[in-house]
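> Pasting a structure below so you can have a look.
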Amino acid sequence: MKDNILDLSQHDERDPNPWLALFLDDSIPINQRTKLVLMRDNSSKSVRYLLPFIEVGSKISMFFIHIFKFFFPKLINSSKILHRVLAWGLKRFVSPDANLLIFRHFHIGTEILQFIAGNISNVEIVGSPLKPKDFEDVKDDLFLKHDLNLYNFVIRLNRQLKEKNITIGPPENLNLSMITEDQFDHIDFPDKWTNILDLRSAIELFTPFYQLFLTSNDFIRASNSLQLDETIAIYASQILGTPGHLGLINNKHPMVPVTTYSAAYRLVLHGLAAETLHEVLVKMKLNKGADGVVMPKK
């Protein structure tokens with residue numbers, strides 16, 4: 001794809017490109033490649049011409065699926081079929097930029113949870129790392145496992161904190177060894193004429209399938225898990241002793257759930273929150289050395 005948003009020679013002061021402005025702006029910490037593909041995704045023809053119609057269709061579909069699931073809650077429940085549909089759709093209809101953002105999210109989300117678990121003394125949490133390398137990995141209940149991992153992590157962590165009377169705080173030696181700079185250049189995302197969907201259009205299209213093929217509990221839990229951004233960010237802030245980046249979290253207050261109809265938009269915010277926190281950790285690691293261990297200040 002052409003990086004037209006980087007072409008400063010095309011800048012028109014009477015008609016400035018908003019995505020160029022946001023790409024050049026460094027006020028929010030974020031991986032540079034992620035920012036590039038996100039801005040390209042935002043300026044794509046799919047966002048301009050398809051997303052408005054897809055959003056309306058998605059909400060209407062969710063409304064009727066909600067009624068259907070109310071009367072027949074167990075008639076259609078198959079995570080296996082769902083993830084085969086997702087893998088097929090991602091491979092054939094989603095753009096390379098949107099696929100990169102989706103695949104990156106599982107990797108950095110895994111590393112953030114590993115960072116928290118690895119920097120609280122006397123806490124041992126055995127999780128299920130999710131680092132998909134291809135579309136076949138999606139079929140192994142990837143999206144569902146991501147949601148389950150978040151809730152199980154919070155439950156396991158806080159059970160141990162209470163049982164052992166532990167308070168989260170800055171560790172003596174900050175461990176960043178699990179944080180990587182993986183750019184996923186080794187993944188060959190399809191770029192055929194059908195791979196046109198932007199990130200938000202893809203999520204809006206997939207959400208009704210998510211609602212249809214999952215149980216009501218699984219779907220509602222998946223939607224509410226997006227607001228755990230605040231919870232995870234608080235844990236990281238307590239470890240780092242720097243609460244400033246909490247201001248970048250938009251999916252707030254997990255004890256006050258939001259309607260599932262806004263799940264697609266909040267999912268994009270969830271991805272952005274993870275990217276910003278991960279970039280903070282990456283920069284800390286680069287500043288402190290390749291071993292990823294930060295020694296205490298003297």
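Ordering of the structure tokens sets the chain letters (A, B, ...), residue numbers begin anew at 1 in every chain, and ligands are numbered from 1 in the order given.
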For the interface of stretch 32-115 of chain A with stretch 136-147 of chain A (cut-off 10 Å, counting only C-alpha atoms), please tabulate each contacting residue of stretch 32-115 of chain A alongside its nearest pair of atoms and their separation in Å to one decimal, rows sorted by chain and increasing number, as CSV.

```
residue,atom,partner,partner_atom,distance
A:Ser79,CA,A:Asp141,CA,6.5
A:Lys80,CA,A:Asp141,CA,6.6
A:Ile81,CA,A:Lys139,CA,8.5
A:Leu82,CA,A:Asp141,CA,8.3
A:His83,CA,A:Lys139,CA,4.8
A:Arg84,CA,A:Lys139,CA,5.3
A:Val85,CA,A:Lys139,CA,8.5
A:Leu86,CA,A:Val138,CA,7.4
A:Ala87,CA,A:Val138,CA,5.7
A:Trp88,CA,A:Lys139,CA,9.2
A:Leu90,CA,A:Val138,CA,9.3
A:Lys91,CA,A:Glu136,CA,10.0
A:Phe103,CA,A:Val138,CA,9.4
A:His105,CA,A:His146,CA,9.9
A:Phe106,CA,A:His146,CA,7.4
A:Gly109,CA,A:His146,CA,8.6
A:Thr110,CA,A:His146,CA,8.7
```
> Taking the DSSP secondary structure from the backbone, can you list the residues of stretch 107-266 of chain A that are helix (DSSP H, G or I), as an NGL selection string?
:A and (107-117 or 135-138 or 142-163 or 199-213 or 216-240 or 243-248 or 260-266)
> Could you name the residues that touch A:Ser27 at 12 Å or less, counting only C-alpha atoms, but leaving out those on the same chain fewer than 6 positions away, as a PyMOL selection string?
chain A and resi 21+245+248+276
> Only C-alpha atoms, please: the residues just picked out, written as a PDB file, in the first residue's frame.

```pdb
ATOM      1  CA  ALA A  21      -1.635  15.288  11.501  1.00  0.00           C
ATOM      2  CA  HIS A 245      -0.935   6.807  31.273  1.00  0.00           C
ATOM      3  CA  LEU A 248      -5.268   7.155  27.799  1.00  0.00           C
ATOM      4  CA  THR A 276      -0.188   2.458  24.157  1.00  0.00           C
TER       5      THR A 276
END
```
> Can you list every residue in stretch 64-260 of chain A that DSSP puts in strand (DSSP E or B), as number ranges by chain?
A: 94, 174-175, 197
> Please build the interface table for stretch 129-187 of chain A against stretch 225-228 of chain A with a cut-off of 9 Å, listing for each qualifying residue the nearest atom pair and the distance in Å to one decimal; count only C-alpha atoms, order rows by chain and increasing number, and write it as a Markdown table.

```
| residue | atom | partner | partner_atom | distance |
| --- | --- | --- | --- | --- |
| A:Asp147 | CA | A:Ser225 | CA | 6.4 |
| A:Leu148 | CA | A:Ser225 | CA | 8.8 |
| A:Leu150 | CA | A:Ser225 | CA | 7.2 |
| A:Tyr151 | CA | A:Ser225 | CA | 7.4 |
```
> One decimal, Å: what's the distance from atom CA of A:Leu240 over to atom CA of A:Thr167, could you say?
13.5 Å
> Just to confirm, what's the straight-line distance from atom CA of A:Ala264 to atom CA of A:Thr207 in Å (one decimal)?
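Value for the atom CA of A:Ala264-atom CA of A:Thr207 distance: 7.0 Å.
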> Of the residues A:His186, A:His66, A:Arg40, A:His270, which is the one nearest to A:Ser95, using only C-alpha atoms?
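Residue with the minimum atom-to-atom distance to A:Ser95: A:Arg40.
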> Need the shell around A:Pro96: protein/DNA/RNA residues with any atom at most 7 Å away, counting only C-alpha atoms. Skip same-chain ones fewer than 6 positions apart. Format as JSON, numbers by chain?
{"A": [189, 190, 191]}
> May I have the selected residues written with C-alpha atoms, as a compact mmCIF listing (two decimals), in the first residue's frame?

```
# COMPACT_ATOMS: atom_id res chain seq x y z
CA PHE A 189 -1.33 -11.37 5.16
CA PRO A 190 -3.39 -11.84 1.97
CA ASP A 191 -3.70 -8.78 -0.26
```
> Point out the residue among A:Val94, A:Leu130, A:Leu205, A:Ile112 with the least atom-to-atom distance to A:Ile60, counting only C-alpha atoms.
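Looking at the shortest contact to A:Ile60, the residue is A:Leu205.
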> When you count only C-alpha atoms, which of these residues is closest to A:Pro257: A:Ser223, A:Lys285, A:Arg200, A:Asp12?
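Of the candidates, the smallest distance to A:Pro257 is held by A:Ser223.
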> Suppose you want the space between atom CA of A:Leu20 and atom CA of A:Leu272; what is it in Å?
17.9 Å
> Please provide as a list of chain:residue names all residues within 9 Å of A:Phe115, with the sequence filter that same-chain residues fewer than 2 positions apart are discarded (counting only C-alpha atoms).
A:Thr110, A:Glu111, A:Ile112, A:Leu113, A:Ala117, A:Gly118, A:Asn119, A:Asn175, A:Leu176, A:Ser177, A:Met178, A:Ile179, A:Ala236, A:Leu281
> Set the distance at 10 Å and use only C-alpha atoms: which residues neighbour A:Ile220 once local chain neighbours fewer than 3 positions away are removed? I'd like the list as a list in words.
Gln211, Leu214, Thr215, Ser216, Asn217, Ser223, Asn224, Ser225, Pro257, Val258, Thr259, Thr260 and Ala263 of chain A
